[in-house]
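Visitor: Below you'll find my_file-v6.txt; it's compact mmCIF, C-alpha atoms.
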# COMPACT_ATOMS: atom_id res chain seq x y z
CA MET A 1 4.69 17.57 20.08
CA SER A 2 5.10 14.63 17.79
CA ARG A 3 8.68 13.52 17.20
CA ILE A 4 7.83 12.26 13.74
CA GLY A 5 5.94 15.45 12.89
CA LYS A 6 8.99 17.60 13.70
CA LYS A 7 11.23 15.88 11.13
CA PRO A 8 11.41 17.80 7.83
CA ILE A 9 10.76 15.95 4.56
CA ALA A 10 13.60 16.25 2.05
CA LEU A 11 12.36 17.06 -1.47
CA PRO A 12 14.48 15.36 -4.16
CA LYS A 13 15.21 17.02 -7.51
CA GLY A 14 12.29 16.92 -9.92
CA VAL A 15 9.64 17.05 -7.18
CA THR A 16 7.36 20.09 -6.96
CA VAL A 17 4.99 20.77 -4.08
CA ASN A 18 1.93 23.05 -4.10
CA VAL A 19 0.49 23.76 -0.66
CA HIS A 20 -3.26 24.53 -0.50
CA ALA A 21 -5.48 25.19 2.52
CA ASP A 22 -6.80 21.63 2.93
CA ALA A 23 -4.48 19.58 0.67
CA VAL A 24 -0.95 19.34 -0.67
CA GLU A 25 -0.18 18.46 -4.31
CA VAL A 26 3.06 16.59 -4.98
CA LYS A 27 4.33 16.14 -8.55
CA GLY A 28 7.32 14.03 -9.52
CA PRO A 29 8.78 11.87 -12.28
CA LYS A 30 6.33 8.97 -11.68
CA GLY A 31 3.16 11.06 -11.44
CA ALA A 32 1.18 13.40 -9.22
CA LEU A 33 -0.64 12.88 -5.93
CA LYS A 34 -3.00 15.14 -4.01
CA GLN A 35 -2.95 14.39 -0.27
CA ARG A 36 -5.56 15.86 2.07
CA VAL A 37 -4.26 17.45 5.27
CA PRO A 38 -5.97 16.88 8.63
CA PRO A 39 -7.43 20.06 10.18
CA GLY A 40 -5.07 21.92 12.48
CA VAL A 41 -1.90 20.95 10.57
CA LYS A 42 -0.28 23.15 7.93
CA PHE A 43 2.70 22.62 5.63
CA ALA A 44 5.38 25.03 4.45
CA VAL A 45 8.16 24.65 1.89
CA ASN A 46 11.57 25.79 3.18
CA GLY A 47 14.04 25.54 0.29
CA THR A 48 14.35 21.82 -0.44
CA GLU A 49 12.38 20.69 2.62
CA LEU A 50 8.71 20.32 3.44
CA VAL A 51 7.87 21.07 7.09
CA ALA A 52 4.69 20.16 8.99
CA GLU A 53 3.48 22.48 11.75
CA THR A 54 0.46 22.52 14.02
CA VAL A 55 -1.70 25.64 14.14
CA ARG A 56 -1.50 25.75 17.97
CA GLN A 57 0.06 23.74 20.80
CA ASP A 58 -2.67 21.24 21.61
CA LYS A 59 -2.56 17.58 22.61
CA GLU A 60 -5.51 16.85 20.32
CA LEU A 61 -3.62 18.27 17.30
CA SER A 62 -0.29 16.60 18.06
CA LYS A 63 -1.66 13.16 17.14
CA PHE A 64 -2.50 14.47 13.66
CA HIS A 65 0.91 16.15 13.35
CA GLY A 66 2.85 12.90 12.89
CA LEU A 67 0.10 11.38 10.74
CA ALA A 68 0.10 14.31 8.31
CA ARG A 69 3.90 14.28 8.07
CA SER A 70 3.94 10.51 7.36
CA LEU A 71 1.27 10.86 4.67
CA MET A 72 3.28 13.62 2.94
CA ALA A 73 6.52 11.61 3.19
CA ASN A 74 4.73 8.66 1.57
CA ALA A 75 3.46 10.92 -1.22
CA VAL A 76 6.97 12.26 -1.90
CA THR A 77 8.43 8.72 -1.90
CA GLY A 78 5.61 7.51 -4.16
CA VAL A 79 6.13 10.10 -6.89
CA THR A 80 9.91 9.52 -6.90
CA GLU A 81 10.39 5.77 -6.33
CA GLY A 82 6.90 4.24 -6.11
CA PHE A 83 5.73 1.39 -3.89
CA LYS A 84 5.67 -2.36 -4.46
CA LYS A 85 4.02 -5.37 -2.80
CA GLU A 86 4.78 -8.92 -3.85
CA LEU A 87 2.55 -11.96 -3.38
CA ASP A 88 3.08 -15.67 -3.97
CA ILE A 89 0.43 -18.20 -4.98
CA VAL A 90 1.01 -21.62 -3.41
CA GLY A 91 -1.02 -24.67 -4.37
CA VAL A 92 -1.34 -27.29 -7.08
CA GLY A 93 -3.15 -25.77 -10.05
CA TYR A 94 -3.28 -22.28 -8.50
CA ARG A 95 -2.20 -19.60 -10.96
CA ALA A 96 -2.87 -16.10 -12.24
CA GLU A 97 -2.60 -14.23 -15.52
CA VAL A 98 -3.13 -10.63 -16.58
CA LYS A 99 -5.60 -10.01 -19.42
CA GLY A 100 -5.90 -6.31 -20.21
CA LYS A 101 -7.10 -4.46 -17.11
CA GLN A 102 -8.05 -7.67 -15.28
CA VAL A 103 -6.26 -10.47 -13.48
CA HIS A 104 -7.72 -13.96 -13.88
CA PHE A 105 -7.06 -16.32 -10.98
CA ALA A 106 -7.46 -20.10 -10.74
CA LEU A 107 -7.56 -20.67 -6.98
CA GLY A 108 -9.19 -24.06 -6.60
CA TYR A 109 -12.76 -22.82 -6.91
CA SER A 110 -15.19 -24.22 -9.49
CA HIS A 111 -14.90 -20.96 -11.45
CA PRO A 112 -12.12 -18.51 -12.32
CA VAL A 113 -11.89 -15.45 -10.07
CA ILE A 114 -11.62 -12.17 -11.99
CA PHE A 115 -10.04 -9.12 -10.32
CA ASP A 116 -10.33 -5.64 -11.90
CA ILE A 117 -7.13 -3.59 -11.62
CA PRO A 118 -7.87 -0.06 -10.33
CA ALA A 119 -6.51 3.05 -12.05
CA GLY A 120 -3.00 4.01 -10.96
CA ILE A 121 -1.97 0.43 -10.14
CA ASP A 122 0.14 -1.95 -12.22
CA VAL A 123 -0.04 -5.71 -11.66
CA ALA A 124 2.58 -8.05 -13.14
CA VAL A 125 2.51 -11.85 -12.96
CA ASP A 126 5.75 -13.84 -13.22
CA LYS A 127 5.75 -17.62 -13.70
CA GLN A 128 1.96 -17.67 -13.05
CA THR A 129 2.54 -17.83 -9.28
CA HIS A 130 4.31 -14.57 -8.38
CA ILE A 131 2.32 -11.31 -8.39
CA THR A 132 3.85 -7.84 -8.16
CA VAL A 133 1.57 -4.87 -7.35
CA THR A 134 3.16 -1.44 -8.00
CA GLY A 135 1.95 2.15 -7.88
CA ILE A 136 2.62 5.62 -6.48
CA ASP A 137 -0.09 5.62 -3.77
CA ARG A 138 1.07 3.53 -0.80
CA GLN A 139 -2.41 3.07 0.64
CA LEU A 140 -3.88 1.92 -2.68
CA VAL A 141 -1.01 -0.52 -3.35
CA GLY A 142 -1.46 -2.08 0.09
CA GLN A 143 -5.25 -2.29 -0.29
CA VAL A 144 -5.05 -3.95 -3.72
CA ALA A 145 -2.52 -6.48 -2.38
CA ALA A 146 -4.80 -7.19 0.59
CA ASN A 147 -7.82 -7.65 -1.72
CA ILE A 148 -5.87 -10.14 -3.86
CA ARG A 149 -4.74 -12.05 -0.76
CA ARG A 150 -8.31 -12.13 0.54
CA MET A 151 -9.46 -14.15 -2.51
CA ARG A 152 -7.83 -17.28 -1.04
CA LYS A 153 -6.19 -16.76 2.33
CA PRO A 154 -3.39 -19.19 3.23
CA ASP A 155 -4.73 -22.40 4.75
CA PRO A 156 -3.12 -23.14 8.15
CA TYR A 157 -3.20 -26.92 7.53
CA LYS A 158 -1.96 -27.34 3.96
CA GLN A 159 -0.31 -23.90 3.55
CA LYS A 160 -2.12 -23.34 0.22
CA GLY A 161 -3.40 -19.94 -0.92
CA VAL A 162 -2.22 -16.41 -1.72
CA ARG A 163 0.34 -14.97 0.69
CA TYR A 164 2.67 -12.01 0.89
CA MET A 165 6.24 -12.75 -0.15
CA GLY A 166 8.24 -13.66 2.93
CA GLU A 167 5.13 -14.16 5.08
CA VAL A 168 5.73 -16.83 7.70
CA LEU A 169 2.73 -19.03 8.42
CA LYS A 170 2.14 -21.14 11.49
CA LYS A 171 1.34 -24.66 10.33
CA LYS A 172 -1.30 -26.49 12.34
CA VAL A 173 -1.29 -30.24 12.87
CA GLY A 174 -4.24 -32.11 11.38
CA LYS A 175 -6.31 -34.87 12.96
CA THR A 176 -4.58 -38.05 14.10
CA GLY A 177 -5.79 -41.39 12.76
CA ALA A 178 -6.34 -43.01 16.16
Starting from the coordinates I provided, produce the structure as structure tokens.
Guide:
Amino acid sequence: MSRIGKKPIALPKGVTVNVHADAVEVKGPKGALKQRVPPGVKFAVNGTELVAETVRQDKELSKFHGLARSLMANAVTGVTEGFKKELDIVGVGYRAEVKGKQVHFALGYSHPVIFDIPAGIDVAVDKQTHITVTGIDRQLVGQVAANIRRMRKPDPYKQKGVRYMGEVLKKKVGKTGA
């Protein structure tokens, strides 16, 4: 049995859960999420807790037990608090600005890079070099942040590019003049 899968998920006030055969719907103050459940795992609401259980004792199902529980816990956290990823843009002339449902980047290319913001995600730009990606779906927030970072990965020599806030980069030494 999975240790993580055994832990019950506490449901805060204002969160409602509807359990279906193949998915679980979670509604809260920030929105609603529908999370699919892997086969062989079922959920039950016990008072103010959500409990994950496997259909039978099987080693093949136990690996999905912890996964399903973690996905549900992320959904409950998302509809109550939300998730946030922060990125920094480092480099002379590198900047970003939000225009409607798009983010326009100047990242040292000969053209501006335009990024479309997906539904359910909010992107805020502070001081043109600090980007905050927020939303209720943890996977989508992380994927959008990764897509933004991929536009100009940090250079190991000059340390320029888009990086996660607090990301530590290993600086490489350039060529010597001898």
Visitor: Compile a residue-level contact table for stretch 29-96 of chain A against stretch 158-177 of chain A at a cut-off of 6 Å, reporting for every qualifying residue the shortest atom pair and its distance in Å to one decimal, with all atoms listed in the file counted, rows ordered by chain and ascending number, as a tab-separated table.
Guide:
residue	atom	partner	partner_atom	distance
A:Glu86	CA	A:Met165	CA	5.5
A:Leu87	CA	A:Tyr164	CA	4.3
A:Asp88	CA	A:Arg163	CA	5.5
A:Ile89	CA	A:Val162	CA	4.6
A:Val90	CA	A:Lys160	CA	5.1
A:Gly91	CA	A:Lys160	CA	4.9
Visitor: When distances are computed from all atoms listed in the file, which of A:Lys99, A:Lys30, A:Arg69, A:Arg150 shows the smallest separation from A:Thr134?
Guide: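 Of the candidates, the smallest distance to A:Thr134 is held by A:Lys30.
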Visitor: Using only C-alpha atoms, which protein or nucleic acid residues come within 7 Å of A:Gln102? Drop anything in the same chain fewer than 3 positions from it, and give the result as an MDAnalysis selection string.
Guide: chainID A and resid 98:99 114:117
Visitor: Residues at most 10 Å from A:Pro38, counting all atoms listed in the file, excluding those fewer than 2 positions away in the same chain, as a ChimeraX atom specification?
Guide: /A:22-23,35-36,40-42,61,64-65,67-68
Visitor: For A:Pro118, which residue among A:Ser70, A:Thr77, A:Gln143, A:Thr16 is the nearest when counting all atoms listed in the file?
Guide: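 Closest candidate: A:Gln143.
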Visitor: If I take atom CA of A:Gly135 and atom CA of A:Ile121, how far is one from the other in Å, to one decimal?
Guide: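 Computing it gives 4.8 Å between the two atoms.
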Visitor: From the options A:Val45, A:Ile136, A:Ile148, A:Ile4, which residue's atoms come nearest to A:Lys27, counting all atoms listed in the file?
Guide: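 Smallest separation from A:Lys27 among the options: A:Ile136.
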Visitor: Give, as AutoDock Vina command-line options, the centre coordinates and the x, y and z edge lengths in Å to one decimal for an axis-aligned box around all listed atoms of stretch 45-54 of chain A, padded by 3 Å on each side.
Guide:
--center_x 7.4 --center_y 23.0 --center_z 6.8 --size_x 19.9 --size_y 11.6 --size_z 20.5
